[in-house]
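J.: Next up, start08.txt (compact mmCIF, N, CA and C atoms).
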# COMPACT_ATOMS: atom_id res chain seq x y z
N MET A 136 -2.32 -15.06 -9.00
CA MET A 136 -2.76 -14.14 -10.02
C MET A 136 -1.71 -13.93 -11.09
N ALA A 137 -0.46 -14.01 -10.70
CA ALA A 137 0.62 -13.74 -11.65
C ALA A 137 0.60 -14.71 -12.83
N THR A 138 -0.06 -15.83 -12.67
CA THR A 138 -0.10 -16.83 -13.74
C THR A 138 -1.37 -16.74 -14.60
N PHE A 139 -2.26 -15.81 -14.27
CA PHE A 139 -3.51 -15.69 -15.04
C PHE A 139 -3.21 -15.31 -16.48
N ASP A 140 -3.95 -15.94 -17.40
CA ASP A 140 -3.80 -15.63 -18.82
C ASP A 140 -5.09 -14.95 -19.31
N GLN A 141 -5.17 -14.68 -20.60
CA GLN A 141 -6.33 -13.98 -21.14
C GLN A 141 -7.62 -14.80 -21.02
N ASP A 142 -7.51 -16.14 -21.03
CA ASP A 142 -8.70 -16.96 -20.81
C ASP A 142 -9.26 -16.69 -19.41
N LYS A 143 -8.36 -16.56 -18.43
CA LYS A 143 -8.79 -16.27 -17.07
C LYS A 143 -9.39 -14.87 -16.98
N VAL A 144 -8.81 -13.92 -17.71
CA VAL A 144 -9.36 -12.56 -17.74
C VAL A 144 -10.80 -12.60 -18.25
N GLU A 145 -11.02 -13.35 -19.33
CA GLU A 145 -12.38 -13.45 -19.89
C GLU A 145 -13.34 -14.08 -18.88
N GLN A 146 -12.86 -15.07 -18.16
CA GLN A 146 -13.67 -15.71 -17.12
C GLN A 146 -14.01 -14.69 -16.03
N LEU A 147 -13.02 -13.91 -15.61
CA LEU A 147 -13.25 -12.90 -14.57
C LEU A 147 -14.22 -11.82 -15.04
N MET A 148 -14.18 -11.49 -16.32
CA MET A 148 -15.09 -10.48 -16.85
C MET A 148 -16.55 -10.89 -16.74
N LEU A 149 -16.79 -12.17 -16.56
CA LEU A 149 -18.15 -12.68 -16.41
C LEU A 149 -18.56 -12.84 -14.94
N ASN A 150 -17.64 -12.59 -14.03
CA ASN A 150 -17.88 -12.79 -12.61
C ASN A 150 -18.54 -11.55 -12.01
N SER A 151 -19.82 -11.64 -11.70
CA SER A 151 -20.56 -10.49 -11.18
C SER A 151 -20.18 -10.14 -9.73
N ALA A 152 -19.38 -10.95 -9.09
CA ALA A 152 -18.98 -10.69 -7.70
C ALA A 152 -17.78 -9.74 -7.61
N ILE A 153 -17.19 -9.38 -8.74
CA ILE A 153 -16.03 -8.48 -8.74
C ILE A 153 -16.30 -7.29 -9.65
N ILE A 154 -15.45 -6.29 -9.54
CA ILE A 154 -15.51 -5.16 -10.46
C ILE A 154 -14.98 -5.65 -11.79
N ARG A 155 -15.82 -5.61 -12.80
CA ARG A 155 -15.45 -6.18 -14.10
C ARG A 155 -14.92 -5.10 -15.04
N ASN A 156 -13.79 -4.56 -14.65
CA ASN A 156 -13.11 -3.56 -15.45
C ASN A 156 -11.85 -4.23 -16.00
N ARG A 157 -11.82 -4.41 -17.31
CA ARG A 157 -10.70 -5.13 -17.94
C ARG A 157 -9.35 -4.50 -17.59
N GLY A 158 -9.30 -3.18 -17.58
CA GLY A 158 -8.05 -2.50 -17.25
C GLY A 158 -7.59 -2.80 -15.84
N LYS A 159 -8.51 -2.82 -14.90
CA LYS A 159 -8.15 -3.12 -13.51
C LYS A 159 -7.78 -4.59 -13.33
N ILE A 160 -8.46 -5.47 -14.02
CA ILE A 160 -8.12 -6.89 -13.94
C ILE A 160 -6.71 -7.11 -14.51
N ASN A 161 -6.45 -6.54 -15.68
CA ASN A 161 -5.12 -6.69 -16.28
C ASN A 161 -4.04 -6.04 -15.42
N ALA A 162 -4.38 -4.92 -14.79
CA ALA A 162 -3.42 -4.26 -13.90
C ALA A 162 -3.11 -5.13 -12.69
N ALA A 163 -4.13 -5.78 -12.13
CA ALA A 163 -3.91 -6.65 -10.97
C ALA A 163 -2.99 -7.82 -11.33
N ILE A 164 -3.16 -8.37 -12.51
CA ILE A 164 -2.29 -9.47 -12.97
C ILE A 164 -0.87 -8.95 -13.17
N ASN A 165 -0.76 -7.82 -13.84
CA ASN A 165 0.55 -7.19 -14.06
C ASN A 165 1.23 -6.91 -12.72
N ASN A 166 0.49 -6.31 -11.78
CA ASN A 166 1.07 -5.96 -10.49
C ASN A 166 1.50 -7.20 -9.71
N ALA A 167 0.76 -8.29 -9.83
CA ALA A 167 1.14 -9.54 -9.15
C ALA A 167 2.49 -10.05 -9.67
N LYS A 168 2.69 -9.96 -10.96
CA LYS A 168 3.98 -10.37 -11.55
C LYS A 168 5.12 -9.48 -11.04
N LEU A 169 4.87 -8.18 -11.01
CA LEU A 169 5.90 -7.25 -10.55
C LEU A 169 6.16 -7.38 -9.05
N PHE A 170 5.12 -7.72 -8.30
CA PHE A 170 5.25 -7.98 -6.86
C PHE A 170 6.28 -9.10 -6.63
N ILE A 171 6.18 -10.15 -7.41
CA ILE A 171 7.12 -11.27 -7.30
C ILE A 171 8.54 -10.82 -7.64
N ASP A 172 8.67 -9.97 -8.65
CA ASP A 172 9.99 -9.43 -9.00
C ASP A 172 10.60 -8.68 -7.82
N ILE A 173 9.77 -7.88 -7.13
CA ILE A 173 10.26 -7.12 -5.97
C ILE A 173 10.66 -8.07 -4.85
N GLN A 174 9.89 -9.12 -4.64
CA GLN A 174 10.25 -10.11 -3.61
C GLN A 174 11.64 -10.69 -3.88
N HIS A 175 11.91 -11.00 -5.14
CA HIS A 175 13.22 -11.56 -5.49
C HIS A 175 14.33 -10.53 -5.31
N GLU A 176 14.06 -9.30 -5.69
CA GLU A 176 15.07 -8.25 -5.61
C GLU A 176 15.40 -7.85 -4.18
N PHE A 177 14.39 -7.77 -3.31
CA PHE A 177 14.58 -7.25 -1.95
C PHE A 177 14.48 -8.32 -0.86
N GLY A 178 14.20 -9.55 -1.24
CA GLY A 178 14.04 -10.61 -0.25
C GLY A 178 12.60 -10.77 0.21
N SER A 179 11.85 -9.68 0.20
CA SER A 179 10.41 -9.69 0.51
C SER A 179 9.83 -8.35 0.09
N PHE A 180 8.54 -8.33 -0.12
CA PHE A 180 7.89 -7.06 -0.43
C PHE A 180 7.93 -6.15 0.79
N SER A 181 7.87 -6.75 1.98
CA SER A 181 7.95 -5.98 3.22
C SER A 181 9.26 -5.20 3.31
N ASN A 182 10.37 -5.85 2.99
CA ASN A 182 11.66 -5.15 3.01
C ASN A 182 11.64 -3.95 2.09
N TYR A 183 11.06 -4.13 0.92
CA TYR A 183 10.98 -3.06 -0.07
C TYR A 183 10.15 -1.89 0.44
N MET A 184 8.93 -2.16 0.91
CA MET A 184 8.03 -1.06 1.27
C MET A 184 8.48 -0.33 2.53
N TRP A 185 9.01 -1.06 3.51
CA TRP A 185 9.45 -0.42 4.75
C TRP A 185 10.66 0.48 4.54
N ALA A 186 11.40 0.28 3.47
CA ALA A 186 12.54 1.16 3.18
C ALA A 186 12.07 2.59 2.93
N PHE A 187 10.84 2.78 2.50
CA PHE A 187 10.33 4.12 2.22
C PHE A 187 10.05 4.92 3.49
N VAL A 188 10.06 4.25 4.65
CA VAL A 188 9.91 4.94 5.94
C VAL A 188 11.11 4.65 6.84
N ASP A 189 12.23 4.32 6.21
CA ASP A 189 13.48 4.04 6.93
C ASP A 189 13.28 2.95 7.99
N ASN A 190 12.41 1.99 7.68
CA ASN A 190 12.14 0.84 8.56
C ASN A 190 11.61 1.23 9.93
N LYS A 191 10.98 2.40 10.03
CA LYS A 191 10.40 2.86 11.30
C LYS A 191 9.01 3.41 11.04
N THR A 192 8.09 3.13 11.96
CA THR A 192 6.74 3.67 11.84
C THR A 192 6.79 5.19 12.01
N ILE A 193 6.12 5.88 11.11
CA ILE A 193 5.96 7.33 11.24
C ILE A 193 4.79 7.56 12.19
N VAL A 194 5.03 8.31 13.25
CA VAL A 194 3.98 8.60 14.23
C VAL A 194 3.59 10.06 14.09
N ASN A 195 2.38 10.27 13.61
CA ASN A 195 1.87 11.63 13.44
C ASN A 195 1.12 12.07 14.68
N GLU A 196 1.01 13.37 14.85
CA GLU A 196 0.29 13.93 15.99
C GLU A 196 -0.87 14.77 15.49
N ASN A 197 -1.84 14.09 14.93
CA ASN A 197 -3.01 14.75 14.36
C ASN A 197 -3.99 15.15 15.45
N LYS A 198 -4.40 16.41 15.40
CA LYS A 198 -5.34 16.93 16.39
C LYS A 198 -6.73 17.14 15.80
N THR A 199 -6.76 17.64 14.56
CA THR A 199 -8.04 17.91 13.92
C THR A 199 -8.11 17.14 12.61
N LEU A 200 -9.29 17.02 12.07
CA LEU A 200 -9.48 16.31 10.81
C LEU A 200 -8.61 16.90 9.71
N ALA A 201 -8.42 18.20 9.73
CA ALA A 201 -7.61 18.88 8.71
C ALA A 201 -6.13 18.47 8.79
N ASP A 202 -5.70 17.94 9.93
CA ASP A 202 -4.30 17.53 10.10
C ASP A 202 -3.97 16.21 9.40
N PHE A 203 -5.00 15.43 9.07
CA PHE A 203 -4.77 14.12 8.47
C PHE A 203 -4.48 14.27 6.98
N PRO A 204 -3.28 13.86 6.55
CA PRO A 204 -2.95 14.00 5.13
C PRO A 204 -3.55 12.85 4.31
N ALA A 205 -3.71 13.10 3.04
CA ALA A 205 -4.11 12.04 2.11
C ALA A 205 -2.89 11.42 1.46
N THR A 206 -1.81 12.17 1.41
CA THR A 206 -0.53 11.71 0.86
C THR A 206 0.59 12.36 1.65
N THR A 207 1.78 11.80 1.51
CA THR A 207 2.98 12.38 2.13
C THR A 207 4.14 12.25 1.15
N ALA A 208 5.24 12.83 1.51
CA ALA A 208 6.43 12.70 0.66
C ALA A 208 6.81 11.23 0.50
N GLU A 209 6.64 10.46 1.57
CA GLU A 209 6.98 9.03 1.53
C GLU A 209 6.04 8.26 0.61
N SER A 210 4.74 8.54 0.70
CA SER A 210 3.80 7.84 -0.19
C SER A 210 3.98 8.29 -1.63
N ASP A 211 4.35 9.56 -1.82
CA ASP A 211 4.65 10.05 -3.17
C ASP A 211 5.84 9.29 -3.76
N ALA A 212 6.89 9.13 -2.95
CA ALA A 212 8.10 8.45 -3.42
C ALA A 212 7.82 6.98 -3.72
N TRP A 213 7.04 6.33 -2.86
CA TRP A 213 6.72 4.92 -3.07
C TRP A 213 5.89 4.75 -4.34
N SER A 214 4.87 5.59 -4.50
CA SER A 214 4.02 5.52 -5.69
C SER A 214 4.86 5.73 -6.95
N LYS A 215 5.73 6.71 -6.92
CA LYS A 215 6.57 7.00 -8.08
C LYS A 215 7.46 5.81 -8.42
N ASP A 216 8.02 5.16 -7.40
CA ASP A 216 8.88 4.01 -7.64
C ASP A 216 8.08 2.83 -8.19
N LEU A 217 6.90 2.59 -7.63
CA LEU A 217 6.06 1.50 -8.15
C LEU A 217 5.70 1.74 -9.61
N LYS A 218 5.34 2.97 -9.94
CA LYS A 218 4.99 3.29 -11.32
C LYS A 218 6.20 3.12 -12.24
N LYS A 219 7.37 3.51 -11.76
CA LYS A 219 8.59 3.35 -12.55
C LYS A 219 8.86 1.87 -12.85
N ARG A 220 8.46 1.01 -11.92
CA ARG A 220 8.64 -0.43 -12.08
C ARG A 220 7.55 -1.05 -12.95
N GLY A 221 6.53 -0.26 -13.31
CA GLY A 221 5.48 -0.74 -14.19
C GLY A 221 4.15 -1.04 -13.52
N PHE A 222 4.02 -0.79 -12.22
CA PHE A 222 2.76 -1.03 -11.53
C PHE A 222 1.69 -0.06 -12.03
N LYS A 223 0.45 -0.48 -11.96
CA LYS A 223 -0.70 0.31 -12.38
C LYS A 223 -1.63 0.53 -11.19
N PHE A 224 -2.38 1.64 -11.21
CA PHE A 224 -3.35 1.98 -10.16
C PHE A 224 -2.69 2.05 -8.79
N VAL A 225 -1.55 2.70 -8.70
CA VAL A 225 -0.82 2.81 -7.43
C VAL A 225 -0.45 4.28 -7.16
N GLY A 226 -1.47 5.11 -7.07
CA GLY A 226 -1.24 6.52 -6.77
C GLY A 226 -0.82 6.72 -5.33
N SER A 227 -0.40 7.92 -5.04
CA SER A 227 0.10 8.24 -3.70
C SER A 227 -0.95 8.05 -2.61
N THR A 228 -2.21 8.36 -2.90
CA THR A 228 -3.26 8.21 -1.89
C THR A 228 -3.44 6.75 -1.51
N ILE A 229 -3.48 5.85 -2.48
CA ILE A 229 -3.64 4.43 -2.17
C ILE A 229 -2.40 3.90 -1.46
N CYS A 230 -1.23 4.40 -1.83
CA CYS A 230 0.00 4.00 -1.14
C CYS A 230 -0.05 4.44 0.32
N TYR A 231 -0.53 5.66 0.57
CA TYR A 231 -0.61 6.15 1.95
C TYR A 231 -1.62 5.33 2.75
N ALA A 232 -2.73 5.00 2.16
CA ALA A 232 -3.72 4.17 2.86
C ALA A 232 -3.12 2.81 3.21
N HIS A 233 -2.34 2.25 2.30
CA HIS A 233 -1.67 0.97 2.58
C HIS A 233 -0.66 1.14 3.72
N MET A 234 0.06 2.24 3.72
CA MET A 234 1.03 2.51 4.78
C MET A 234 0.34 2.59 6.14
N GLN A 235 -0.83 3.20 6.18
CA GLN A 235 -1.60 3.27 7.42
C GLN A 235 -2.07 1.87 7.84
N ALA A 236 -2.59 1.12 6.90
CA ALA A 236 -3.13 -0.21 7.20
C ALA A 236 -2.06 -1.18 7.68
N CYS A 237 -0.84 -1.02 7.19
CA CYS A 237 0.25 -1.94 7.54
C CYS A 237 1.06 -1.49 8.73
N GLY A 238 0.73 -0.35 9.32
CA GLY A 238 1.47 0.12 10.48
C GLY A 238 2.73 0.90 10.15
N MET A 239 2.92 1.23 8.90
CA MET A 239 4.06 2.06 8.52
C MET A 239 3.85 3.50 8.98
N VAL A 240 2.58 3.86 9.17
CA VAL A 240 2.18 5.19 9.65
C VAL A 240 1.16 4.99 10.75
N ASN A 241 1.35 5.66 11.88
CA ASN A 241 0.36 5.66 12.94
C ASN A 241 -0.33 7.02 12.89
N ASP A 242 -1.53 7.04 12.36
CA ASP A 242 -2.30 8.26 12.23
C ASP A 242 -3.43 8.35 13.25
N HIS A 243 -3.37 7.57 14.30
CA HIS A 243 -4.40 7.68 15.32
C HIS A 243 -4.30 9.06 15.95
N SER A 244 -5.43 9.74 16.10
CA SER A 244 -5.42 11.09 16.66
C SER A 244 -4.95 11.05 18.11
N LEU A 245 -4.54 12.19 18.61
CA LEU A 245 -4.00 12.27 19.97
C LEU A 245 -5.00 11.81 21.02
N ASP A 246 -6.30 11.96 20.74
CA ASP A 246 -7.32 11.56 21.71
C ASP A 246 -7.90 10.16 21.44
N CYS A 247 -7.34 9.44 20.50
CA CYS A 247 -7.84 8.10 20.17
C CYS A 247 -7.38 7.10 21.23
N TYR A 248 -8.30 6.29 21.72
CA TYR A 248 -7.96 5.31 22.75
C TYR A 248 -6.96 4.26 22.26
N LYS A 249 -6.89 4.03 20.96
CA LYS A 249 -5.98 3.02 20.42
C LYS A 249 -4.54 3.54 20.30
N ARG A 250 -4.36 4.85 20.24
CA ARG A 250 -3.05 5.44 20.01
C ARG A 250 -2.02 4.96 21.05
N LYS A 251 -2.34 5.11 22.33
CA LYS A 251 -1.41 4.73 23.39
C LYS A 251 -1.12 3.23 23.34
N HIS A 252 -2.15 2.43 23.12
CA HIS A 252 -1.98 0.98 23.04
C HIS A 252 -1.00 0.61 21.92
N ILE A 253 -1.18 1.20 20.77
CA ILE A 253 -0.31 0.89 19.64
C ILE A 253 1.11 1.37 19.90
N LEU A 254 1.24 2.56 20.46
CA LEU A 254 2.59 3.08 20.76
C LEU A 254 3.30 2.20 21.77
N GLU A 255 2.59 1.76 22.79
CA GLU A 255 3.19 0.88 23.79
C GLU A 255 3.54 -0.48 23.20
N LYS A 256 2.63 -1.02 22.40
CA LYS A 256 2.85 -2.34 21.80
C LYS A 256 4.11 -2.35 20.95
N TYR A 257 4.33 -1.28 20.23
CA TYR A 257 5.51 -1.23 19.36
C TYR A 257 6.61 -0.37 19.95
N GLN A 258 6.51 -0.08 21.26
CA GLN A 258 7.54 0.64 22.02
C GLN A 258 7.94 1.94 21.33
N GLN A 259 6.95 2.74 21.00
CA GLN A 259 7.19 4.01 20.34
C GLN A 259 6.93 5.19 21.27
N LEU A 260 6.72 4.93 22.55
CA LEU A 260 6.49 6.04 23.50
C LEU A 260 7.79 6.66 23.94
Would you kindly transcribe this structure into structure tokens?
T.:
Amino acid sequence: MATFDQDKVEQLMLNSAIIRNRGKINAAINNAKLFIDIQHEFGSFSNYMWAFVDNKTIVNENKTLADFPATTAESDAWSKDLKKRGFKFVGSTICYAHMQACGMVNDHSLDCYKRKHILEKYQQL
């Protein structure tokens, strides 16, 4: 994506299989270029993002739906840094969702059958 030019953007704008929002398409291309910059600076994007959680999974102890956050101080900091680097569409909520998806945060509730399995797998018990 980092090599896409405006001809490719115009082609994508005609693709009914994707969200055809010019701003989002241009942001994705921009973010791909910046992603590569981060890889060069930190050795990998993984090294960069895991630094926001001190290279350790955050294990939350959520009991009720109200306990589950949409953002945290860590996702706020990561979003702010990405925006400072020029990334687009990278708010704290999307950063937190990415942190959950990548295992940077374990938000499985205390009664979730997967919680113990994940904690044991990554030796977090």
J.: Could you check the closest approach to Phe187 of chain A for each of A:Trp213, A:Phe170, A:Phe203, A:Phe139 and tell me which residue wins, using all atoms listed in the file?
T.: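 For Phe187 of chain A, the nearest of the candidates is A:Trp213.
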J.: Give me the residues near segment 144-148 of chain A as an mmCIF file with N, CA and C atoms, keeping the file's coordinate frame, where near means some atom within 8 Å (using all atoms listed in the file) and where sequence neighbours in that chain fewer than 6 positions away do not count.
T.:
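This is the output file selection_9.cif:
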data_model
loop_
_atom_site.group_PDB
_atom_site.id
_atom_site.type_symbol
_atom_site.label_atom_id
_atom_site.label_comp_id
_atom_site.auth_asym_id
_atom_site.auth_seq_id
_atom_site.Cartn_x
_atom_site.Cartn_y
_atom_site.Cartn_z
ATOM 1 N N ILE A 154 -15.450 -6.290 -9.540
ATOM 2 C CA ILE A 154 -15.510 -5.160 -10.460
ATOM 3 C C ILE A 154 -14.980 -5.650 -11.790
ATOM 4 N N ARG A 155 -15.820 -5.610 -12.800
ATOM 5 C CA ARG A 155 -15.450 -6.180 -14.100
ATOM 6 C C ARG A 155 -14.920 -5.100 -15.040
ATOM 7 N N ASN A 156 -13.790 -4.560 -14.650
ATOM 8 C CA ASN A 156 -13.110 -3.560 -15.450
ATOM 9 C C ASN A 156 -11.850 -4.230 -16.000
ATOM 10 N N ARG A 157 -11.820 -4.410 -17.310
ATOM 11 C CA ARG A 157 -10.700 -5.130 -17.940
ATOM 12 C C ARG A 157 -9.350 -4.500 -17.590
ATOM 13 N N ILE A 160 -8.460 -5.470 -14.020
ATOM 14 C CA ILE A 160 -8.120 -6.890 -13.940
ATOM 15 C C ILE A 160 -6.710 -7.110 -14.510
ATOM 16 N N ASN A 161 -6.450 -6.540 -15.680
ATOM 17 C CA ASN A 161 -5.120 -6.690 -16.280
ATOM 18 C C ASN A 161 -4.040 -6.040 -15.420
#
J.: Of the residues A:Ala137, A:Ile193, A:Met239, A:Ala232, which is the one nearest to Ala205 of chain A, using only C-alpha atoms?
T.: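 Among the listed residues, the smallest separation from Ala205 of chain A belongs to A:Ala232.
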J.: What are the DSSP helix (DSSP H, G or I) residues of segment 167-210 of chain A, as a ChimeraX atom specification?
T.: /A:167-177,180-188,200-202,208-210
J.: Give me the residues near segment 243-251 of chain A as a list in words, where near means some atom within 6.5 Å (using all atoms listed in the file) and where sequence neighbours in that chain fewer than 3 positions away do not count.
T.: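 The residues that qualify are Asn195, Glu196, Asn197, Lys198, Val240, Leu254, Glu255 and Lys256 of chain A.
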J.: So how far away is atom N of Pro204 of chain A from atom C of Ser227 of chain A, in Å?
T.: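 Going from atom C of Ser227 of chain A over to atom N of Pro204 of chain A covers 11.1 Å.
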J.: Just give me the gap between atom CA of Asp140 of chain A and atom CA of Asn165 of chain A in Å, one decimal is fine.
T.: 10.6 Å
